[in-house]
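Asker: Contents are mmCIF, C-alpha atoms; file name protein27.cif:
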```cif
data_query
#
loop_
_atom_site.label_atom_id
_atom_site.label_comp_id
_atom_site.auth_asym_id
_atom_site.auth_seq_id
_atom_site.Cartn_x
_atom_site.Cartn_y
_atom_site.Cartn_z
CA MET A 1082 -161.70 -39.39 -45.68
CA ALA A 1083 -158.31 -40.84 -44.77
CA ALA A 1084 -157.71 -42.35 -41.36
CA GLU A 1085 -156.05 -39.23 -39.99
CA ARG A 1086 -156.01 -37.58 -36.64
CA ILE A 1087 -158.26 -34.62 -35.84
CA GLY A 1088 -156.92 -31.33 -34.52
CA MET A 1089 -158.88 -29.85 -31.64
CA ILE A 1090 -158.40 -26.12 -31.07
CA TYR A 1091 -157.64 -25.92 -27.37
CA ASN A 1092 -158.08 -22.87 -25.14
CA GLY A 1093 -156.62 -24.45 -22.00
CA VAL A 1094 -160.12 -25.27 -20.70
CA TRP A 1095 -160.31 -28.38 -18.55
CA SER A 1096 -163.32 -30.00 -20.20
CA GLN A 1097 -161.71 -29.75 -23.65
CA GLN A 1098 -158.62 -31.46 -22.27
CA VAL A 1099 -160.70 -34.17 -20.58
CA VAL A 1100 -162.25 -35.32 -23.86
CA ALA A 1101 -159.07 -35.14 -25.94
CA SER A 1102 -157.03 -37.05 -23.37
CA ALA A 1103 -159.66 -39.68 -22.51
CA PRO A 1104 -158.51 -43.22 -23.39
CA LYS A 1105 -161.49 -43.49 -25.70
CA TYR A 1106 -160.56 -40.45 -27.80
CA ARG A 1107 -156.82 -39.83 -27.40
CA ASP A 1108 -155.97 -41.96 -30.45
CA PHE A 1109 -158.17 -39.70 -32.57
CA ILE A 1110 -157.53 -36.15 -31.33
CA ASP A 1111 -154.52 -33.84 -31.05
CA LEU A 1112 -154.87 -30.74 -28.90
CA LEU A 1113 -153.72 -27.60 -30.73
CA TYR A 1114 -153.23 -24.80 -28.22
CA VAL A 1115 -154.93 -21.72 -29.61
CA HIS A 1116 -152.11 -19.35 -28.61
CA GLU A 1117 -149.43 -21.48 -30.27
CA LEU A 1118 -151.21 -22.15 -33.54
CA THR A 1119 -149.18 -21.80 -36.68
CA THR A 1120 -150.06 -22.11 -40.33
CA THR A 1121 -147.59 -25.00 -40.58
CA ALA A 1122 -149.27 -26.89 -37.74
CA LEU A 1123 -152.71 -26.47 -39.30
CA GLN A 1124 -151.43 -27.74 -42.64
CA ARG A 1125 -150.95 -31.18 -41.07
CA TYR A 1126 -154.68 -31.66 -40.54
CA GLN A 1127 -157.60 -32.43 -42.77
CA ALA A 1128 -160.14 -32.03 -39.97
CA LEU A 1129 -160.54 -29.68 -37.03
CA ILE A 1130 -162.87 -29.43 -34.06
CA VAL A 1131 -163.34 -26.00 -32.49
CA PRO A 1132 -165.13 -26.61 -29.19
CA PHE A 1133 -167.11 -24.18 -27.05
CA GLN A 1134 -165.29 -21.86 -24.60
CA ASN A 1135 -162.65 -20.97 -27.15
CA ASP A 1136 -160.72 -17.80 -27.84
CA HIS A 1137 -162.10 -16.95 -31.26
CA GLN A 1138 -160.25 -13.64 -31.43
CA ALA A 1139 -156.97 -15.56 -31.10
CA LEU A 1140 -158.17 -18.16 -33.58
CA ALA A 1141 -159.09 -15.45 -36.06
CA HIS A 1142 -155.35 -14.72 -36.49
CA GLN A 1143 -155.24 -18.04 -38.35
CA ARG A 1144 -158.30 -17.31 -40.47
CA ASP A 1145 -156.41 -17.74 -43.75
CA ALA A 1146 -155.02 -21.11 -42.63
CA LEU A 1147 -158.48 -22.28 -41.55
CA TYR A 1148 -160.02 -21.41 -44.90
CA ALA A 1149 -157.00 -22.92 -46.68
CA LEU A 1150 -157.78 -26.20 -44.91
CA LEU A 1151 -161.32 -26.00 -46.25
CA ALA A 1152 -160.04 -25.09 -49.70
CA ARG A 1153 -158.04 -28.30 -49.89
CA GLY A 1154 -161.18 -30.30 -49.04
CA GLY A 1155 -160.86 -30.52 -45.25
CA HIS A 1156 -163.61 -30.44 -42.63
CA ILE A 1157 -164.04 -27.99 -39.73
CA ALA A 1158 -166.69 -28.37 -37.03
CA VAL A 1159 -167.24 -25.28 -34.85
CA PHE A 1160 -169.31 -25.46 -31.67
CA GLY A 1161 -170.69 -22.87 -29.28
CA ASP A 1162 -170.87 -19.15 -29.76
CA THR A 1163 -169.39 -16.02 -31.35
CA ALA A 1164 -167.00 -17.52 -33.89
CA VAL A 1165 -165.99 -14.13 -35.25
CA TRP A 1166 -164.01 -15.59 -38.14
CA LEU A 1167 -167.10 -17.21 -39.69
CA ASP A 1168 -169.09 -15.45 -42.41
CA ALA A 1169 -172.19 -15.81 -40.27
CA ARG A 1170 -174.05 -13.86 -37.61
CA TRP A 1171 -174.59 -15.33 -34.17
CA VAL A 1172 -176.81 -13.93 -31.42
CA ALA A 1173 -177.36 -14.99 -27.82
CA ARG A 1174 -180.52 -16.68 -26.56
CA PRO A 1175 -181.51 -17.67 -22.99
CA LEU A 1176 -180.17 -21.06 -22.00
CA ASP A 1177 -183.00 -23.59 -21.77
CA ASN A 1178 -182.43 -26.43 -19.34
CA HIS A 1179 -186.00 -26.68 -18.05
CA TRP A 1180 -186.75 -29.40 -20.59
CA TRP A 1181 -184.69 -31.97 -18.70
CA LYS A 1182 -187.30 -31.91 -15.96
CA SER A 1183 -190.45 -30.88 -17.81
CA HIS A 1184 -190.11 -32.67 -21.18
CA PRO A 1185 -187.04 -34.94 -20.98
CA HIS A 1186 -187.62 -36.46 -24.41
CA THR A 1187 -188.33 -33.15 -26.16
CA PRO A 1188 -185.08 -31.19 -26.30
CA PRO A 1189 -185.03 -27.51 -27.30
CA VAL A 1190 -183.24 -28.48 -30.52
CA ALA A 1191 -186.49 -29.72 -31.97
CA HIS A 1192 -185.79 -30.28 -35.66
CA THR A 1193 -182.81 -32.36 -36.78
CA ARG A 1194 -181.81 -33.68 -40.19
CA PHE A 1195 -181.32 -37.30 -39.22
CA ASP A 1196 -180.18 -38.11 -42.75
CA HIS A 1197 -176.92 -36.26 -42.05
CA PRO A 1198 -174.07 -38.61 -41.01
CA LEU A 1199 -173.54 -36.63 -37.80
CA PHE A 1200 -177.04 -37.44 -36.58
CA ALA A 1201 -177.98 -40.66 -38.42
CA GLY A 1202 -179.32 -43.29 -36.05
CA LEU A 1203 -179.36 -41.01 -32.99
CA THR A 1204 -182.39 -40.35 -30.82
CA PRO A 1205 -183.67 -36.76 -30.49
CA ARG A 1206 -182.18 -36.67 -26.96
CA GLU A 1207 -178.79 -37.75 -28.27
CA ALA A 1208 -178.82 -35.34 -31.19
CA GLY A 1209 -180.11 -32.24 -29.44
CA PHE A 1210 -179.79 -30.64 -26.03
CA HIS A 1211 -179.31 -27.06 -24.85
CA HIS A 1212 -177.71 -24.55 -27.19
CA HIS A 1213 -175.76 -21.32 -26.82
CA GLY A 1214 -177.57 -18.85 -29.04
CA VAL A 1215 -178.65 -19.11 -32.68
CA TYR A 1216 -177.42 -18.08 -36.13
CA LEU A 1217 -179.34 -15.31 -37.89
CA ALA A 1218 -177.24 -15.11 -41.07
CA LEU A 1219 -175.38 -17.91 -42.82
CA PRO A 1220 -172.70 -18.17 -45.52
CA PRO A 1221 -173.63 -18.95 -49.13
CA ARG A 1222 -174.92 -22.46 -49.91
CA ALA A 1223 -175.48 -23.11 -46.19
CA GLU A 1224 -177.73 -26.04 -45.42
CA VAL A 1225 -179.58 -25.97 -42.10
CA LEU A 1226 -179.23 -29.22 -40.15
CA GLN A 1227 -180.89 -28.32 -36.86
CA ARG A 1228 -183.44 -25.75 -35.71
CA SER A 1229 -184.87 -24.83 -32.33
CA ALA A 1230 -188.56 -25.27 -31.48
CA GLN A 1231 -188.94 -21.60 -32.52
CA GLY A 1232 -187.47 -22.42 -35.93
CA GLU A 1233 -184.16 -20.61 -35.38
CA VAL A 1234 -180.94 -22.03 -36.82
CA ILE A 1235 -178.79 -24.08 -34.44
CA THR A 1236 -176.61 -26.12 -36.81
CA TRP A 1237 -175.63 -25.58 -40.45
CA GLN A 1238 -173.02 -26.65 -42.94
CA THR A 1239 -171.68 -25.32 -46.20
CA ASP A 1240 -169.27 -26.54 -48.85
CA VAL A 1241 -168.86 -23.12 -50.40
CA TYR A 1242 -165.23 -22.91 -49.27
CA GLY A 1243 -164.25 -26.28 -50.75
CA GLY A 1244 -164.46 -28.80 -47.93
CA MET A 1245 -167.23 -28.88 -45.34
CA LEU A 1246 -167.64 -26.22 -42.67
CA LEU A 1247 -170.17 -27.16 -39.99
CA ALA A 1248 -171.18 -24.83 -37.20
CA SER A 1249 -173.50 -25.45 -34.27
CA THR A 1250 -174.44 -23.47 -31.19
CA MET A 1251 -174.70 -26.76 -29.32
CA ASP A 1252 -171.46 -28.13 -27.99
CA PRO A 1253 -170.88 -31.86 -27.58
CA ILE A 1254 -167.22 -31.52 -26.52
CA VAL A 1255 -167.24 -29.31 -23.42
CA GLU A 1256 -170.51 -30.95 -22.34
CA HIS A 1257 -169.03 -34.42 -22.78
CA GLY A 1258 -166.05 -33.37 -20.66
CA VAL A 1259 -168.27 -32.03 -17.91
CA GLN A 1260 -170.36 -35.23 -17.97
CA GLN A 1261 -173.50 -33.71 -16.54
CA ILE A 1262 -175.11 -35.10 -19.69
CA ARG A 1263 -174.17 -38.77 -19.59
CA HIS A 1264 -175.29 -39.83 -23.06
CA LEU A 1265 -173.10 -37.78 -25.41
CA ASP A 1266 -170.84 -40.63 -26.48
CA ALA A 1267 -173.14 -41.35 -29.41
CA LEU A 1268 -172.93 -37.83 -30.87
CA VAL A 1269 -169.21 -37.41 -30.22
CA ASP A 1270 -168.48 -40.82 -31.75
CA GLN A 1271 -170.44 -39.85 -34.88
CA LEU A 1272 -168.55 -36.55 -35.02
CA ILE A 1273 -165.18 -38.31 -34.82
CA GLU A 1274 -166.18 -40.78 -37.53
CA TRP A 1275 -167.56 -38.02 -39.76
CA LEU A 1276 -164.32 -36.07 -39.46
CA CYS A 1277 -161.70 -38.80 -39.77
CA GLY A 1278 -163.42 -41.94 -41.04
CA ARG A 1279 -162.67 -43.98 -37.92
CA ARG A 1280 -165.11 -44.70 -35.11
CA PRO A 1281 -164.12 -44.87 -31.42
CA ALA A 1282 -164.92 -47.97 -29.39
CA ALA A 1283 -168.50 -48.24 -28.21
CA THR A 1284 -167.48 -48.17 -24.54
CA PRO A 1285 -168.68 -44.94 -22.87
CA MET A 1286 -165.91 -42.42 -22.17
CA CYS A 1287 -166.65 -42.43 -18.46
CA ALA A 1288 -166.34 -46.22 -18.25
CA ALA A 1289 -163.00 -46.54 -20.02
CA MET B 257 -161.09 -3.05 -3.90
CA ASN B 258 -159.39 -3.68 -7.24
CA ILE B 259 -160.19 -7.01 -8.84
CA ALA B 260 -158.30 -8.40 -11.84
CA LEU B 261 -160.75 -10.55 -13.80
CA ILE B 262 -158.85 -13.12 -15.86
CA HIS B 263 -160.37 -13.22 -19.34
CA SER B 264 -159.56 -16.23 -21.53
CA GLY B 265 -161.32 -14.92 -24.62
CA VAL B 266 -164.54 -16.80 -23.84
CA ALA B 267 -167.67 -14.85 -24.70
CA GLY B 268 -169.65 -13.59 -21.72
CA THR B 269 -166.76 -13.87 -19.25
CA GLU B 270 -167.42 -10.42 -17.78
CA ASP B 271 -171.14 -11.08 -17.28
CA GLY B 272 -171.89 -11.05 -13.58
CA TYR B 273 -168.86 -8.98 -12.59
CA ARG B 274 -169.86 -5.32 -12.50
CA ASP B 275 -168.28 -2.37 -10.77
CA ASP B 276 -170.06 -0.93 -7.77
CA GLY B 277 -169.07 1.45 -5.01
CA ARG B 278 -166.81 -1.13 -3.37
CA HIS B 279 -165.47 -3.24 -6.24
CA ARG B 280 -163.64 -2.22 -9.42
CA TYR B 281 -163.03 -4.93 -11.99
CA ARG B 282 -160.11 -4.80 -14.44
CA ILE B 283 -160.14 -7.18 -17.39
CA GLU B 284 -156.83 -9.06 -17.61
CA ARG B 285 -157.00 -10.54 -21.10
CA ILE B 286 -154.91 -13.62 -21.85
CA HIS B 287 -153.07 -13.47 -25.15
CA ARG B 288 -150.20 -15.16 -26.94
CA ALA B 289 -147.35 -13.47 -25.01
CA TRP B 290 -149.26 -12.99 -21.76
CA GLN B 291 -147.19 -11.64 -18.88
CA PRO B 292 -149.69 -10.20 -16.41
CA CYS B 293 -148.86 -7.59 -13.79
CA PHE B 294 -150.98 -7.68 -10.64
CA ASP B 295 -149.23 -4.84 -8.81
CA GLY B 296 -152.33 -2.67 -8.55
CA ASP B 297 -154.74 -5.48 -7.74
CA ASP B 298 -156.15 -6.63 -4.42
CA VAL B 299 -157.94 -9.68 -5.86
CA VAL B 300 -157.22 -11.92 -8.84
CA LEU B 301 -160.40 -13.69 -9.96
CA VAL B 302 -160.34 -16.70 -12.30
CA PRO B 303 -163.89 -17.35 -13.53
CA ASN B 304 -165.33 -20.50 -15.03
CA GLY B 305 -164.11 -21.30 -18.55
CA ALA B 306 -160.51 -20.27 -17.89
CA ASN B 307 -157.31 -21.03 -19.76
CA HIS B 308 -155.23 -23.08 -17.31
CA VAL B 309 -152.34 -23.45 -19.74
CA ALA B 310 -151.85 -19.68 -19.70
CA LEU B 311 -152.40 -19.55 -15.93
CA LEU B 312 -149.66 -22.13 -15.47
CA SER B 313 -147.34 -19.93 -17.51
CA ALA B 314 -148.11 -17.08 -15.05
CA ARG B 315 -147.73 -19.32 -12.00
CA GLU B 316 -144.77 -17.44 -10.48
CA ARG B 317 -146.51 -14.08 -10.82
CA LEU B 318 -149.68 -15.47 -9.22
CA GLN B 319 -147.74 -17.09 -6.39
CA ALA B 320 -145.89 -13.82 -5.79
CA PHE B 321 -149.23 -12.00 -5.70
CA VAL B 322 -150.50 -14.32 -2.96
CA ALA B 323 -147.16 -14.22 -1.13
CA ARG B 324 -147.44 -10.45 -0.79
CA GLY B 325 -150.96 -10.70 0.61
CA GLY B 326 -153.30 -10.68 -2.37
CA ALA B 327 -156.54 -12.65 -2.56
CA LEU B 328 -156.73 -15.32 -5.27
CA LEU B 329 -160.14 -16.66 -6.27
CA CYS B 330 -160.52 -19.56 -8.69
CA PHE B 331 -163.95 -20.81 -9.78
CA CYS B 332 -162.81 -23.16 -12.55
CA GLY B 333 -161.19 -26.59 -12.71
CA PHE B 334 -157.49 -25.83 -12.14
CA PHE B 335 -156.09 -29.02 -13.60
CA THR B 336 -152.64 -27.46 -14.08
CA PRO B 337 -150.67 -26.76 -10.89
CA TRP B 338 -150.78 -22.97 -10.60
CA VAL B 339 -152.95 -22.41 -7.48
CA PRO B 340 -150.58 -22.22 -4.48
CA GLY B 341 -151.00 -25.34 -2.35
CA TYR B 342 -153.89 -26.92 -4.20
CA LEU B 343 -154.80 -28.90 -7.30
CA TRP B 344 -158.12 -29.84 -8.86
CA ARG B 345 -158.78 -33.34 -10.21
CA HIS B 346 -161.57 -34.32 -12.54
CA ASP B 347 -163.40 -37.60 -12.02
CA TYR B 348 -166.12 -38.45 -14.48
CA ARG B 349 -166.82 -41.86 -13.03
CA ARG B 350 -169.24 -40.50 -10.42
CA PRO B 351 -172.46 -39.13 -11.97
CA LEU B 352 -172.93 -35.50 -10.95
CA ARG B 353 -176.64 -36.05 -10.40
CA ASP B 354 -175.86 -38.33 -7.45
CA LEU B 355 -173.84 -35.72 -5.57
CA ARG B 356 -174.92 -33.98 -2.38
CA TYR B 357 -172.99 -31.09 -0.83
CA HIS B 358 -172.50 -30.14 2.80
CA ILE B 359 -170.65 -27.42 4.68
CA ASP B 360 -167.51 -28.57 6.50
CA GLN B 361 -165.34 -25.78 8.04
CA ASP B 362 -166.25 -22.14 7.58
CA PRO B 363 -164.23 -19.80 9.81
CA LEU B 364 -164.53 -17.00 7.22
CA GLN B 365 -168.33 -17.37 7.30
CA LEU B 366 -168.45 -17.74 3.54
CA CYS B 367 -171.56 -19.87 3.78
CA ASP B 368 -173.59 -17.49 5.93
CA GLY B 369 -177.09 -17.66 4.51
CA VAL B 370 -176.04 -20.22 1.89
CA GLU B 371 -177.87 -23.53 1.59
CA ALA B 372 -175.63 -26.24 0.19
CA GLU B 373 -178.66 -27.79 -1.50
CA ARG B 374 -179.25 -24.53 -3.41
CA LEU B 375 -175.74 -24.80 -4.83
CA CYS B 376 -176.27 -28.43 -5.78
CA VAL B 377 -179.61 -27.98 -7.54
CA ASP B 378 -179.76 -25.28 -10.22
CA ALA B 379 -182.58 -22.95 -11.19
CA HIS B 380 -183.94 -25.58 -13.58
CA GLY B 381 -184.10 -28.22 -10.87
CA LEU B 382 -181.09 -30.13 -12.19
CA ARG B 383 -178.82 -31.67 -9.59
CA GLY B 384 -175.04 -31.63 -9.65
CA GLY B 385 -174.40 -28.90 -12.19
CA TRP B 386 -172.18 -26.73 -9.98
CA ALA B 387 -169.09 -28.62 -8.88
CA CYS B 388 -167.11 -31.35 -10.64
CA GLY B 389 -164.27 -33.50 -9.38
CA GLU B 390 -162.42 -32.55 -6.19
CA ILE B 391 -159.71 -30.32 -4.76
CA VAL B 392 -156.65 -32.02 -3.30
CA GLY B 393 -153.33 -30.80 -1.93
CA ALA B 394 -150.49 -29.80 -4.24
CA GLU B 395 -149.00 -33.30 -3.91
CA GLY B 396 -152.34 -35.00 -4.44
CA GLU B 397 -153.04 -35.52 -0.76
CA VAL B 398 -156.57 -35.61 0.64
CA LEU B 399 -157.39 -32.35 2.41
CA HIS B 400 -158.35 -32.16 6.07
CA ASP B 401 -157.97 -28.43 6.69
CA HIS B 402 -159.42 -25.36 4.97
CA VAL B 403 -162.27 -27.33 3.35
CA VAL B 404 -165.46 -25.26 3.23
CA LEU B 405 -167.66 -27.65 1.22
CA ARG B 406 -167.54 -31.41 0.70
CA ASP B 407 -169.67 -33.84 -1.27
CA ASN B 408 -171.28 -37.06 -0.09
CA HIS B 409 -168.09 -38.95 -1.02
CA GLY B 410 -166.10 -36.77 1.38
CA ARG B 411 -164.32 -34.93 -1.43
CA ALA B 412 -163.37 -31.27 -1.07
CA LEU B 413 -165.46 -28.99 -3.33
CA MET B 414 -164.33 -25.65 -1.95
CA VAL B 415 -161.31 -24.47 0.01
CA ALA B 416 -160.54 -21.18 1.76
CA ASP B 417 -157.02 -20.74 3.11
CA ARG B 418 -155.79 -17.58 4.86
CA ASP B 419 -153.30 -19.40 7.08
CA THR B 420 -150.64 -20.91 4.83
CA ARG B 421 -149.53 -17.72 3.06
CA ALA B 422 -149.78 -13.99 3.55
CA GLY B 423 -152.63 -13.90 1.07
CA LEU B 424 -156.02 -15.54 0.84
CA VAL B 425 -156.75 -18.45 -1.50
CA ILE B 426 -160.36 -19.45 -2.19
CA ALA B 427 -161.12 -22.07 -4.84
CA THR B 428 -164.06 -24.19 -5.92
CA ALA B 429 -164.03 -27.56 -7.67
CA SER B 430 -164.97 -25.78 -10.87
CA GLY B 431 -168.15 -24.38 -9.33
CA PRO B 432 -168.97 -21.09 -11.11
CA LEU B 433 -169.55 -18.05 -8.87
CA SER B 434 -170.51 -14.53 -9.82
CA ASP B 435 -172.83 -11.73 -8.84
CA ASP B 436 -175.21 -12.61 -11.62
CA ASN B 437 -177.73 -15.39 -11.77
CA PRO B 438 -180.93 -15.56 -13.79
CA ASP B 439 -182.60 -17.27 -10.87
CA ALA B 440 -184.15 -14.55 -8.71
CA ALA B 441 -184.42 -17.04 -5.86
CA ASP B 442 -180.65 -17.53 -5.74
CA ASP B 443 -180.15 -15.62 -2.53
CA GLN B 444 -179.20 -18.84 -0.76
CA GLY B 445 -177.04 -20.13 -3.61
CA ALA B 446 -174.10 -19.17 -5.79
CA ARG B 447 -174.75 -15.43 -5.77
CA ARG B 448 -174.91 -15.30 -1.97
CA LEU B 449 -171.73 -17.35 -1.73
CA TYR B 450 -169.95 -15.00 -4.15
CA ARG B 451 -171.03 -11.93 -2.19
CA ASN B 452 -169.80 -13.53 1.02
CA ILE B 453 -166.45 -14.24 -0.65
CA LEU B 454 -166.15 -10.58 -1.67
CA ARG B 455 -166.91 -9.61 1.91
CA ALA B 456 -164.11 -11.90 3.11
CA CYS B 457 -161.76 -10.37 0.54
CA ARG B 458 -162.65 -6.87 1.76
CA ALA B 459 -161.99 -7.89 5.36
CA HIS B 460 -158.66 -9.38 4.31
CA HIS B 461 -157.82 -6.21 2.37
CA GLU B 462 -158.75 -3.95 5.31
CA ALA B 463 -156.74 -6.08 7.72
CA ARG B 464 -153.68 -5.71 5.49
CA HIS B 465 -154.10 -2.02 4.87
CA GLY B 466 -155.53 -1.02 8.25
CA GLY B 467 -158.80 0.10 6.65
#
```
Spit out the file's structure as structure tokens when you get a sec.
Answerer:
Amino acid sequence: MAAERIGMIYNGVWSQQVVASAPKYRDFIDLLYVHELTTTALQRYQALIVPFQNDHQALAHQRDALYALLARGGHIAVFGDTAVWLDARWVARPLDNHWWKSHPHTPPVAHTRFDHPLFAGLTPREAGFHHHGVYLALPPRAEVLQRSAQGEVITWQTDVYGGMLLASTMDPIVEHGVQQIRHLDALVDQLIEWLCGRRPAATPMCAA
Amino acid sequence: MNIALIHSGVAGTEDGYRDDGRHRYRIERIHRAWQPCFDGDDVVLVPNGANHVALLSARERLQAFVARGGALLCFCGFFTPWVPGYLWRHDYRRPLRDLRYHIDQDPLQLCDGVEAERLCVDAHGLRGGWACGEIVGAEGEVLHDHVVLRDNHGRALMVADRDTRAGLVIATASGPLSDDNPDAADDQGARRLYRNILRACRAHHEARHGG
């Protein structure tokens, strides 16, 4: 893809702002406030990130513009829960953080397609951590990229709309902003590169 | 007591805030042309995962609410300057797992029965998952007064101020608080702290209304 900037749908949540404004990422990401979105603004982007803790009802007002972006070959990566504008069905599951103490190298996202560019070269700990629910129904031609230890769908992608729509109930953006997990640079860097073709500097966000 | 629960469209926001005989919650949903009215409310509660761009746009209404004696509770990182007298700053250079909390000043007895260590270590045994960053004054000054909780770097993690304005302002450094917690042993942690805050709000309300 061209060396373009990525639009990040922004719900005024502090951790979203932290990542987008960090010196490491600010040359890659534009914040697009969810309540000021317009079709014209979305037409400027070939790639979008929709992080966790978003207002998906507000975002759904731009459903046509989102699918138009896909139709012209763009990429959208959606993280977290309840994206009501997706042709998919999400359900809640209990949050599992026990593994950090009990099995720190066996995250609850147990099965990952490491041949996908988002996860290539990552360790299981870098590629999978806690998740916010699972998907029970997926759009046509969806390819599952990650499953939980119980075999439920965490991450999928489909090209049925033209470009690539990826959805995951994990969220590397809000978690990276919070920085309780200190090793998410690897996954976020891969995400940025997958979406815009440029890779951020290797320096960790919290050290820049 | 009427509580306006600010809802930023994030799923699960209302979890942990249920009506009972003493508390009635009203969902105040943020939307594109949001102009909230808090005339019938005794408490405005901003939970974790809040839209601080929208809250900044309602700053004058929120300040007026506190000026006329209302109680403002914020349990999310208020990085835009809408909380009267205070600002929250993020700092991701200090690993959260290294933080320890302690009680500083507590004239409202918000920490009665609360163990700071229970706040700091969650139900899964993970340290540092509650608070992030620090609360400073509106001009960025280090706080000496009204600080309920500090961390081991001396930073303010929770403030409670009933002195500066007619109303009551209680804020955490993004530490989530609600009446719901999957950890049944949370009676010395976040749930206890939240219930104590509601008690302080009721006392404030009764003092204003002669109840």
Asker: If you take only C-alpha atoms and a cut-off of 8 Å, which residues of chain B touch chain A, and what are their nearest atom pairs and distances in Å to one decimal, in chain and number order, as JSON lines?
Answerer:
```
{"residue": "B:Ser264", "atom": "CA", "partner": "A:Asp1136", "partner_atom": "CA", "distance": 6.6}
{"residue": "B:Gly265", "atom": "CA", "partner": "A:Asp1136", "partner_atom": "CA", "distance": 4.4}
{"residue": "B:Val266", "atom": "CA", "partner": "A:Gln1134", "partner_atom": "CA", "distance": 5.2}
{"residue": "B:Ala267", "atom": "CA", "partner": "A:Thr1163", "partner_atom": "CA", "distance": 7.0}
{"residue": "B:His287", "atom": "CA", "partner": "A:His1116", "partner_atom": "CA", "distance": 6.9}
{"residue": "B:Arg288", "atom": "CA", "partner": "A:His1116", "partner_atom": "CA", "distance": 4.9}
{"residue": "B:Gly305", "atom": "CA", "partner": "A:Val1094", "partner_atom": "CA", "distance": 6.0}
{"residue": "B:Ala306", "atom": "CA", "partner": "A:Val1094", "partner_atom": "CA", "distance": 5.7}
{"residue": "B:Asn307", "atom": "CA", "partner": "A:Gly1093", "partner_atom": "CA", "distance": 4.1}
{"residue": "B:His308", "atom": "CA", "partner": "A:Gly1093", "partner_atom": "CA", "distance": 5.1}
{"residue": "B:Val309", "atom": "CA", "partner": "A:Gly1093", "partner_atom": "CA", "distance": 4.9}
{"residue": "B:Ala310", "atom": "CA", "partner": "A:Gly1093", "partner_atom": "CA", "distance": 7.1}
{"residue": "B:Gly333", "atom": "CA", "partner": "A:Trp1095", "partner_atom": "CA", "distance": 6.2}
{"residue": "B:Phe334", "atom": "CA", "partner": "A:Trp1095", "partner_atom": "CA", "distance": 7.5}
{"residue": "B:Phe335", "atom": "CA", "partner": "A:Trp1095", "partner_atom": "CA", "distance": 6.5}
{"residue": "B:Tyr348", "atom": "CA", "partner": "A:Cys1287", "partner_atom": "CA", "distance": 5.7}
{"residue": "B:Arg349", "atom": "CA", "partner": "A:Cys1287", "partner_atom": "CA", "distance": 5.5}
{"residue": "B:Pro351", "atom": "CA", "partner": "A:Gln1261", "partner_atom": "CA", "distance": 7.2}
{"residue": "B:Leu352", "atom": "CA", "partner": "A:Gln1261", "partner_atom": "CA", "distance": 5.9}
{"residue": "B:Arg353", "atom": "CA", "partner": "A:Gln1261", "partner_atom": "CA", "distance": 7.3}
{"residue": "B:His380", "atom": "CA", "partner": "A:His1179", "partner_atom": "CA", "distance": 5.0}
{"residue": "B:Gly381", "atom": "CA", "partner": "A:Lys1182", "partner_atom": "CA", "distance": 7.1}
{"residue": "B:Leu382", "atom": "CA", "partner": "A:Lys1182", "partner_atom": "CA", "distance": 7.5}
{"residue": "B:Gly384", "atom": "CA", "partner": "A:Gln1261", "partner_atom": "CA", "distance": 7.4}
{"residue": "B:Gly385", "atom": "CA", "partner": "A:Gln1261", "partner_atom": "CA", "distance": 6.5}
{"residue": "B:Cys388", "atom": "CA", "partner": "A:Val1259", "partner_atom": "CA", "distance": 7.4}
```
Asker: Could you pull the residues within 12 Å of Ala1218 (chain A), counting all atoms listed in the file, minus those fewer than 3 positions along the same chain, as a list in words?
Answerer: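 After dropping sequence-adjacent residues, the list is Leu1167, Asp1168, Ala1169, Arg1170, Trp1171, Val1172, Val1215, Pro1221, Arg1222, Ala1223, Glu1224, Val1225, Glu1233, Val1234, Ile1235, Thr1236 and Trp1237 of chain A.
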Asker: Using CA of Arg411 (chain B) and CA of Asp443 (chain B) as the two end points, give the distance in Å to one decimal.
Answerer: 25.0 Å
Asker: What does the distance between CA of Arg1086 (chain A) and CA of His1264 (chain A) come to in Å, to one decimal place?
Answerer: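 Atom-to-atom, CA of Arg1086 (chain A) to CA of His1264 (chain A), that is 23.7 Å.
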Asker: For a test of reading the model, state the distance in Å between CA of Leu405 (chain B) and CA of Gln361 (chain B), rounded to one decimal.
Answerer: 7.4 Å
Asker: Using all atoms listed in the file for the distances, tell me which of B:Cys332, B:Cys367, B:Ile259, B:Val339 is nearest to Gln319 (chain B).
Answerer: B:Val339
Asker: Give the answer as one residue: which of A:Gly1214, A:Arg1125, A:Val1241, A:Leu1199 has the shortest atom-to-atom distance to Arg1280 (chain A), using only C-alpha atoms?
Answerer: A:Leu1199
Asker: Can you put N, CA and C atoms back into region 1282-1286 of chain A and show it as a short mmCIF file (atom, residue, chain, number, x, y, z; two decimals), keeping the file's coordinate frame?
Answerer:
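The new file selection.cif reads:
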```cif
data_model
loop_
_atom_site.label_atom_id
_atom_site.label_comp_id
_atom_site.auth_asym_id
_atom_site.auth_seq_id
_atom_site.Cartn_x
_atom_site.Cartn_y
_atom_site.Cartn_z
N ALA A 1282 -164.27 -46.79 -29.98
CA ALA A 1282 -164.92 -47.97 -29.39
C ALA A 1282 -166.26 -47.57 -28.77
N ALA A 1283 -167.15 -48.54 -28.70
CA ALA A 1283 -168.50 -48.24 -28.21
C ALA A 1283 -168.54 -48.01 -26.71
N THR A 1284 -167.50 -48.35 -25.99
CA THR A 1284 -167.48 -48.17 -24.54
C THR A 1284 -167.64 -46.69 -24.18
N PRO A 1285 -168.53 -46.35 -23.25
CA PRO A 1285 -168.68 -44.94 -22.87
C PRO A 1285 -167.37 -44.36 -22.34
N MET A 1286 -167.14 -43.07 -22.62
CA MET A 1286 -165.91 -42.42 -22.17
C MET A 1286 -165.72 -42.58 -20.67
#
```
